[in-house]
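The structure appears below as structure tokens.
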Amino acid sequence: MVEELGVAVVGFGWMGRVHTQAYVRLPHHYPRLPLRPRLVTVADEVPGRAEEAAERYGFAAATRDWREVAADPRVRAVSVTAPNFLHREIGVAMAGAGKHVWIEKPVGLTAEDARAVADAVGGAGVQGAVGFNYRNAPAVEAARELIAAGEIGTVKHARIRLFSDYAADPDSALTWRYERRRGGRGVLGDLASHGADLARFLLGEIAALTADTAVFVPERARPAGPTAGHARAAGGARGPVENEDYVGALLRFASGARGVLEACRVSVGEQNGYGFEVHGTRGAVSWDFRRMNEFAVGRGTGYQDQPMSTVHVGPGAGEFAAFQPGAANAMGYDDLKVIEAYRFVRSIAEGTPYGATLADAVRAAAVLDAMAQSAESGTWVRL
């Protein structure tokens with residue numbers, strides 16, 4: 001028998017929509033899952049946004065006050081997709097109310113924020129999941145297994161990159177994302193958090209790092225009203241950008257491997273240029289999000305002039321079989337969030353965590369804090 005799981009979404013920008021659609025799609029891809037999400041409440045402080053979402057997706061109720069979600073006994077699980085500065089308050093409150101929490105990265109503005117939510121979830125005995133979606137790509141999971149099996153030998157060094165142009169336009173609106181108080185460290189929380197998680201997921205813990213940061217677009221136009229995404233606000237009064245456009249870091253892994261992690265939100269010519277290259281003593285493996293369903297691998301004993309081959313993932317890789325019947329059939333970004341939703345709901349059903357947890361969020365946030373500390377001090381920082 002399938003049991004209903006009352007869910008709510010707090011914050012209905014683009015990510016709130018993605019979470020909602022993931023809940024709706026779960027029975028299509030995972031029909032044997034013993035819990036079936038039911039959309040109970042959507043909350044957003046922007047006038048009319050929650051009501052519009054309720055009408056479009058079928059939520060039973062809409063509100064501008066997320067505290068009503070915490071008090072609603074019909075709601076057992078909550079997606080927190082509000083702006084970063086609200087993550088700690090909302091996440092702690094939801095866990096305290098006995099709700100399971102699926103929260104978007106970076107889970108607050110600092111490692112302290114992430115730890116507070118993790119402690120609240122652990123203390124309440126509920127499940128917690130975090131939106132590190134790129135680790136859910138079947139090609140990434142296949143690459144991780146290949147690395148762990150020693151197929152490329154001992155890992156020597158790696159590069160993780162997250163380049164985007166979403167903030168490259170100097171007329172993009174000066175929203176909360178560019179404020180230190182509400183947006184935290186800018187690209188560190190937005191993109192480098194994914195990089196820190198991918199680095200740990202593939203290669204284990206980071207032991208030390210040194211980093212540099214920069215702001216390349218120092219001023220932006222203030223929006224005249226509510227905004228969504230990365231809208232333009234040309235002609236408005238201009239204000240200062242308070243957080244980072246770019247971060248670059250040298251990494252030392254606990255294994256002895258070395259790494260480079262770069263993230264930038266103003267990279268003209270780059271649209272979601274996310275990926276990694278990992279080099280070992282007998283080969284290499286690489287992946288690019290823009291070709292999400294394949295990865296390249298070179299292995300053997302040739303060393304010099306050893307070729308790389310393209311591998312198209314199929315039903316044997318990660319959760320691929322829940323979406324496509326054969327190799328080289330494409331999956332997309334939203335499918336990664338369906339996998340994330342599946343692992344969250346499965347965690348609730350079985351009482352055992354699956355996928356990225358709040359412990360992963362805490363470790364990734366510690367890496368980001370170390371980057372910020374290193375950039376300010378000009379020194380190596382141990383984790």
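Identifiers in this document derive from the order of the structure tokens: chains are assigned A, B, ..., residues are numbered from 1 separately in each chain, and ligands are numbered from 1 in order of occurrence.
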
(message) as a ChimeraX atom specification, please: every residue in region 6-136 of chain A that DSSP puts in strand (DSSP E or B).
(response) /A:6-10,35-43,61-63,77-80,100-103,128-130

(message) Quick one: residues within 12 Å of Glu319 (chain A), only C-alpha atoms, excluding same-chain residues fewer than 4 positions away - as a list in words?
(response)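 With the cut-off at 12 Å, the set is His29, Tyr30, Arg135, Asn136, Ala137, Pro138, Ala139, Val140, Glu141, Ala142, Asn293, Val313, Gly314, Pro315, Phe323, Gln324, Pro325, Met331, Asp335, Leu336, Lys337, Val338, Ile339, Glu340, Tyr342, Arg343 and Gly355 of chain A.
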
(request) State, in Å with one decimal place, the distance from CA of Ile160 (chain A) to CA of Ala257 (chain A). (result) 13.3 Å

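Each of A:Ala95, A:Leu33, A:Asp305, A:Leu39 was checked against Glu55 (chain A) using only C-alpha atoms; the smallest atom-to-atom distance is that of A:Leu39.
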
(request) Just the residues within 6 Å of region 210-214 of chain A, please, counting only C-alpha atoms, with nothing from its chain fewer than 6 positions along; format it as a list in words. (result) Glu244, Asp245, Tyr246, Val247, Gly248, Ala249, Leu250, Met371, Ser374, Ala375 and Trp380 of chain A

(message) Just to confirm, what's the straight-line distance from CA of Glu205 (chain A) to CA of Gly280 (chain A) in Å (one decimal)?
(response)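 Straight-line distance from CA of Glu205 (chain A) to CA of Gly280 (chain A) works out to 17.1 Å.
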
(request) Identify, on the basis of only C-alpha atoms, every residue whose closest approach to region 268-271 of chain A does not exceed 10 Å; exclude the query and any residue fewer than 4 positions from it along the same chain; express the result as a list in words. (result) Leu162, Phe163, Ser164, Asp165, Tyr166, Ala167, Ala168, Asp169, Cys264 and Arg290 of chain A

How would the residues just picked look written out with N, CA, C and O atoms as a PDB file, in the first residue's frame?
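Generated file (result_23.pdb):
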```
ATOM      1  N   LEU A 162      33.484  25.535 -12.415  1.00  0.00           N
ATOM      2  CA  LEU A 162      32.076  25.930 -12.500  1.00  0.00           C
ATOM      3  C   LEU A 162      32.035  27.372 -12.998  1.00  0.00           C
ATOM      4  O   LEU A 162      32.107  28.330 -12.229  1.00  0.00           O
ATOM      5  N   PHE A 163      31.937  27.500 -14.323  1.00  0.00           N
ATOM      6  CA  PHE A 163      31.932  28.814 -14.954  1.00  0.00           C
ATOM      7  C   PHE A 163      30.547  29.085 -15.544  1.00  0.00           C
ATOM      8  O   PHE A 163      29.982  28.237 -16.234  1.00  0.00           O
ATOM      9  N   SER A 164      30.032  30.289 -15.302  1.00  0.00           N
ATOM     10  CA  SER A 164      28.717  30.660 -15.822  1.00  0.00           C
ATOM     11  C   SER A 164      28.707  32.142 -16.169  1.00  0.00           C
ATOM     12  O   SER A 164      29.524  32.925 -15.673  1.00  0.00           O
ATOM     13  N   ASP A 165      27.734  32.525 -16.993  1.00  0.00           N
ATOM     14  CA  ASP A 165      27.609  33.930 -17.400  1.00  0.00           C
ATOM     15  C   ASP A 165      26.347  34.592 -16.849  1.00  0.00           C
ATOM     16  O   ASP A 165      25.972  35.679 -17.280  1.00  0.00           O
ATOM     17  N   TYR A 166      25.681  33.960 -15.876  1.00  0.00           N
ATOM     18  CA  TYR A 166      24.377  34.478 -15.440  1.00  0.00           C
ATOM     19  C   TYR A 166      24.468  35.878 -14.845  1.00  0.00           C
ATOM     20  O   TYR A 166      23.485  36.617 -14.815  1.00  0.00           O
ATOM     21  N   ALA A 167      25.651  36.271 -14.361  1.00  0.00           N
ATOM     22  CA  ALA A 167      25.815  37.606 -13.784  1.00  0.00           C
ATOM     23  C   ALA A 167      26.762  38.466 -14.608  1.00  0.00           C
ATOM     24  O   ALA A 167      27.216  39.511 -14.136  1.00  0.00           O
ATOM     25  N   ALA A 168      27.066  38.049 -15.826  1.00  0.00           N
ATOM     26  CA  ALA A 168      28.036  38.780 -16.642  1.00  0.00           C
ATOM     27  C   ALA A 168      27.511  40.133 -17.110  1.00  0.00           C
ATOM     28  O   ALA A 168      28.286  41.067 -17.316  1.00  0.00           O
ATOM     29  N   ASP A 169      26.196  40.252 -17.300  1.00  0.00           N
ATOM     30  CA  ASP A 169      25.608  41.518 -17.760  1.00  0.00           C
ATOM     31  C   ASP A 169      25.695  42.550 -16.630  1.00  0.00           C
ATOM     32  O   ASP A 169      25.112  42.349 -15.558  1.00  0.00           O
ATOM     33  N   CYS A 264      33.150  30.917 -11.280  1.00  0.00           N
ATOM     34  CA  CYS A 264      32.943  32.310 -11.685  1.00  0.00           C
ATOM     35  C   CYS A 264      31.531  32.476 -12.227  1.00  0.00           C
ATOM     36  O   CYS A 264      31.053  31.630 -12.978  1.00  0.00           O
ATOM     37  N   ARG A 290      27.487  19.949 -19.660  1.00  0.00           N
ATOM     38  CA  ARG A 290      26.777  20.257 -20.904  1.00  0.00           C
ATOM     39  C   ARG A 290      26.662  19.031 -21.814  1.00  0.00           C
ATOM     40  O   ARG A 290      25.901  19.053 -22.785  1.00  0.00           O
TER      41      ARG A 290
END
```

(request) Between CA of Ala70 (chain A) and CA of Gly98 (chain A), measure the distance and give it in Å to one decimal. (result) 8.5 Å

(request) Go through A:Val69, A:Ala82, A:Ala284, A:Leu146 one by one, measure the shortest atom-to-atom distance of each to Tyr303 (chain A) using only C-alpha atoms, and give the residue with the smallest value. (result) A:Ala284

(request) Write out as a PyMOL selection string the residues lying within 10 Å of Val40 (chain A), counting only C-alpha atoms and excluding same-chain residues fewer than 2 positions away. (result) chain A and resi 5-9+37-38+42+54+58-62+69+72+74-78

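Of the residues listed (A:Ala53, A:Ile348, A:Val260, A:Ala372), A:Val260 shows the shortest atom-to-atom separation from Ile206 (chain A); distances use only C-alpha atoms.
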
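In terms of minimum interatomic distance to Val285 (chain A), A:His157 ranks closest within A:Arg25, A:His157, A:Arg49, A:Arg56, counting only C-alpha atoms.
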
(request) Kindly indicate which residue among A:Tyr57, A:Val345, A:Arg32, A:Arg182 lies nearest to Leu86 (chain A), using only C-alpha atoms for the distances. (result)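 Of all the options, A:Arg182 lies closest to Leu86 (chain A).
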
(message) Counting only C-alpha atoms, which residue out of A:Pro218, A:Leu109, A:Arg144, A:Leu209 sits closest to Gly183 (chain A)?
(response)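 Result for the nearest residue to Gly183 (chain A): A:Leu109.
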
(request) Check the DSSP output for the backbone and give back, as a VMD selection string, the residues of region 25-168 of chain A in alpha helix (DSSP H). (result) chain A and resid 25 to 29 49 to 57 67 to 71 87 to 96 111 to 124 138 to 148

Suppose we keep N, CA and C atoms; can you now write the selection as a short mmCIF file (atom, residue, chain, number, x, y, z; two decimals), in the first residue's frame?
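Everything below was put into again-v8.cif:
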```cif
data_model
loop_
_atom_site.label_atom_id
_atom_site.label_comp_id
_atom_site.auth_asym_id
_atom_site.auth_seq_id
_atom_site.Cartn_x
_atom_site.Cartn_y
_atom_site.Cartn_z
N ARG A 25 6.71 14.19 -10.28
CA ARG A 25 7.21 13.16 -11.20
C ARG A 25 7.63 11.88 -10.49
N LEU A 26 7.80 11.91 -9.19
CA LEU A 26 8.33 10.74 -8.48
C LEU A 26 7.57 9.44 -8.79
N PRO A 27 6.24 9.41 -8.74
CA PRO A 27 5.53 8.14 -9.01
C PRO A 27 5.74 7.64 -10.44
N HIS A 28 6.05 8.54 -11.37
CA HIS A 28 6.26 8.13 -12.76
C HIS A 28 7.55 7.33 -12.89
N HIS A 29 8.59 7.77 -12.18
CA HIS A 29 9.91 7.15 -12.33
C HIS A 29 10.20 6.09 -11.26
N ARG A 49 2.62 35.26 -5.71
CA ARG A 49 3.45 34.20 -6.26
C ARG A 49 3.01 32.82 -5.75
N ALA A 50 2.74 32.71 -4.45
CA ALA A 50 2.32 31.42 -3.90
C ALA A 50 0.96 31.01 -4.46
N GLU A 51 0.05 31.96 -4.59
CA GLU A 51 -1.28 31.65 -5.13
C GLU A 51 -1.19 31.16 -6.57
N GLU A 52 -0.32 31.80 -7.34
CA GLU A 52 -0.13 31.38 -8.72
C GLU A 52 0.44 29.96 -8.78
N ALA A 53 1.39 29.68 -7.90
CA ALA A 53 1.99 28.33 -7.86
C ALA A 53 0.96 27.29 -7.47
N ALA A 54 0.11 27.62 -6.49
CA ALA A 54 -0.92 26.68 -6.04
C ALA A 54 -1.88 26.35 -7.17
N GLU A 55 -2.27 27.37 -7.92
CA GLU A 55 -3.21 27.16 -9.02
C GLU A 55 -2.58 26.33 -10.14
N ARG A 56 -1.30 26.58 -10.40
CA ARG A 56 -0.62 25.91 -11.51
C ARG A 56 -0.30 24.45 -11.19
N TYR A 57 0.11 24.18 -9.94
CA TYR A 57 0.61 22.85 -9.62
C TYR A 57 -0.31 22.03 -8.72
N ARG A 67 5.92 30.33 8.40
CA ARG A 67 5.64 29.81 9.75
C ARG A 67 4.34 29.02 9.78
N GLU A 68 3.43 29.33 8.88
CA GLU A 68 2.19 28.55 8.79
C GLU A 68 2.49 27.12 8.31
N VAL A 69 3.53 26.96 7.52
CA VAL A 69 3.94 25.62 7.08
C VAL A 69 4.45 24.81 8.27
N ALA A 70 5.28 25.44 9.09
CA ALA A 70 5.82 24.76 10.26
C ALA A 70 4.71 24.30 11.20
N ALA A 71 3.63 25.06 11.28
CA ALA A 71 2.54 24.75 12.20
C ALA A 71 1.50 23.79 11.62
N HIS A 87 17.85 30.28 5.08
CA HIS A 87 17.96 28.83 5.22
C HIS A 87 18.07 28.38 6.67
N ARG A 88 18.92 29.05 7.44
CA ARG A 88 19.12 28.61 8.82
C ARG A 88 17.83 28.73 9.63
N GLU A 89 17.20 29.89 9.59
CA GLU A 89 15.99 30.10 10.39
C GLU A 89 14.89 29.13 10.00
N ILE A 90 14.65 29.00 8.70
CA ILE A 90 13.57 28.12 8.25
C ILE A 90 13.91 26.66 8.50
N GLY A 91 15.14 26.26 8.16
CA GLY A 91 15.54 24.86 8.34
C GLY A 91 15.45 24.41 9.78
N VAL A 92 15.94 25.24 10.71
CA VAL A 92 15.89 24.90 12.13
C VAL A 92 14.44 24.82 12.61
N ALA A 93 13.62 25.77 12.16
CA ALA A 93 12.21 25.78 12.59
C ALA A 93 11.46 24.56 12.07
N MET A 94 11.70 24.18 10.82
CA MET A 94 11.00 23.03 10.26
C MET A 94 11.40 21.74 10.95
N ALA A 95 12.69 21.58 11.20
CA ALA A 95 13.14 20.38 11.92
C ALA A 95 12.56 20.38 13.33
N GLY A 96 12.54 21.54 13.97
CA GLY A 96 11.98 21.63 15.32
C GLY A 96 10.50 21.29 15.37
N ALA A 111 29.45 27.92 7.56
CA ALA A 111 29.45 26.56 8.10
C ALA A 111 28.68 26.51 9.41
N GLU A 112 28.72 27.58 10.17
CA GLU A 112 27.95 27.64 11.42
C GLU A 112 26.46 27.51 11.14
N ASP A 113 25.98 28.18 10.09
CA ASP A 113 24.56 28.06 9.71
C ASP A 113 24.22 26.63 9.32
N ALA A 114 25.07 26.03 8.48
CA ALA A 114 24.81 24.66 8.04
C ALA A 114 24.82 23.69 9.22
N ARG A 115 25.73 23.92 10.15
CA ARG A 115 25.83 23.04 11.32
C ARG A 115 24.59 23.19 12.21
N ALA A 116 24.06 24.39 12.31
CA ALA A 116 22.85 24.61 13.12
C ALA A 116 21.67 23.83 12.55
N VAL A 117 21.52 23.83 11.23
CA VAL A 117 20.43 23.07 10.61
C VAL A 117 20.67 21.58 10.77
N ALA A 118 21.91 21.14 10.57
CA ALA A 118 22.24 19.72 10.73
C ALA A 118 21.96 19.26 12.16
N ASP A 119 22.32 20.08 13.14
CA ASP A 119 22.08 19.72 14.54
C ASP A 119 20.59 19.65 14.84
N ALA A 120 19.82 20.58 14.25
CA ALA A 120 18.37 20.59 14.48
C ALA A 120 17.73 19.35 13.88
N VAL A 121 18.16 18.98 12.67
CA VAL A 121 17.63 17.78 12.01
C VAL A 121 18.00 16.53 12.81
N GLY A 122 19.25 16.45 13.23
CA GLY A 122 19.68 15.29 14.01
C GLY A 122 18.98 15.21 15.35
N GLY A 123 18.81 16.36 16.01
CA GLY A 123 18.15 16.37 17.31
C GLY A 123 16.68 16.01 17.24
N ALA A 124 16.05 16.32 16.11
CA ALA A 124 14.62 16.02 15.95
C ALA A 124 14.38 14.61 15.43
N PRO A 138 24.20 10.22 -13.52
CA PRO A 138 24.71 8.86 -13.64
C PRO A 138 26.16 8.79 -14.12
N ALA A 139 26.56 9.71 -15.01
CA ALA A 139 27.95 9.71 -15.48
C ALA A 139 28.91 10.05 -14.35
N VAL A 140 28.52 10.95 -13.47
CA VAL A 140 29.37 11.30 -12.33
C VAL A 140 29.49 10.12 -11.38
N GLU A 141 28.37 9.44 -11.13
CA GLU A 141 28.42 8.27 -10.25
C GLU A 141 29.26 7.16 -10.87
N ALA A 142 29.18 6.99 -12.18
CA ALA A 142 30.00 5.98 -12.85
C ALA A 142 31.48 6.34 -12.77
N ALA A 143 31.78 7.63 -12.94
CA ALA A 143 33.17 8.08 -12.84
C ALA A 143 33.70 7.87 -11.43
N ARG A 144 32.88 8.13 -10.45
CA ARG A 144 33.31 7.91 -9.05
C ARG A 144 33.64 6.43 -8.80
N GLU A 145 32.79 5.54 -9.30
CA GLU A 145 33.05 4.11 -9.12
C GLU A 145 34.34 3.69 -9.83
N LEU A 146 34.56 4.25 -11.00
CA LEU A 146 35.76 3.93 -11.76
C LEU A 146 37.01 4.38 -11.00
N ILE A 147 36.96 5.59 -10.44
CA ILE A 147 38.09 6.11 -9.66
C ILE A 147 38.33 5.25 -8.43
N ALA A 148 37.24 4.94 -7.71
CA ALA A 148 37.36 4.15 -6.48
C ALA A 148 37.91 2.75 -6.75
#
```

(request) Considering only C-alpha atoms, return as a PyMOL selection string whatever protein or nucleic-acid residues lie within 7 Å of region 64-66 of chain A, sequence-local ones (same chain, fewer than 5 positions apart) excluded. (result) chain A and resi 10+43-45+50

(message) For Gly239 (chain A), find every residue with an atom within 9 Å (counting only C-alpha atoms), except residues of its own chain fewer than 4 positions away, and show them as a VMD selection string.
(response) chain A and resid 174 218 to 222
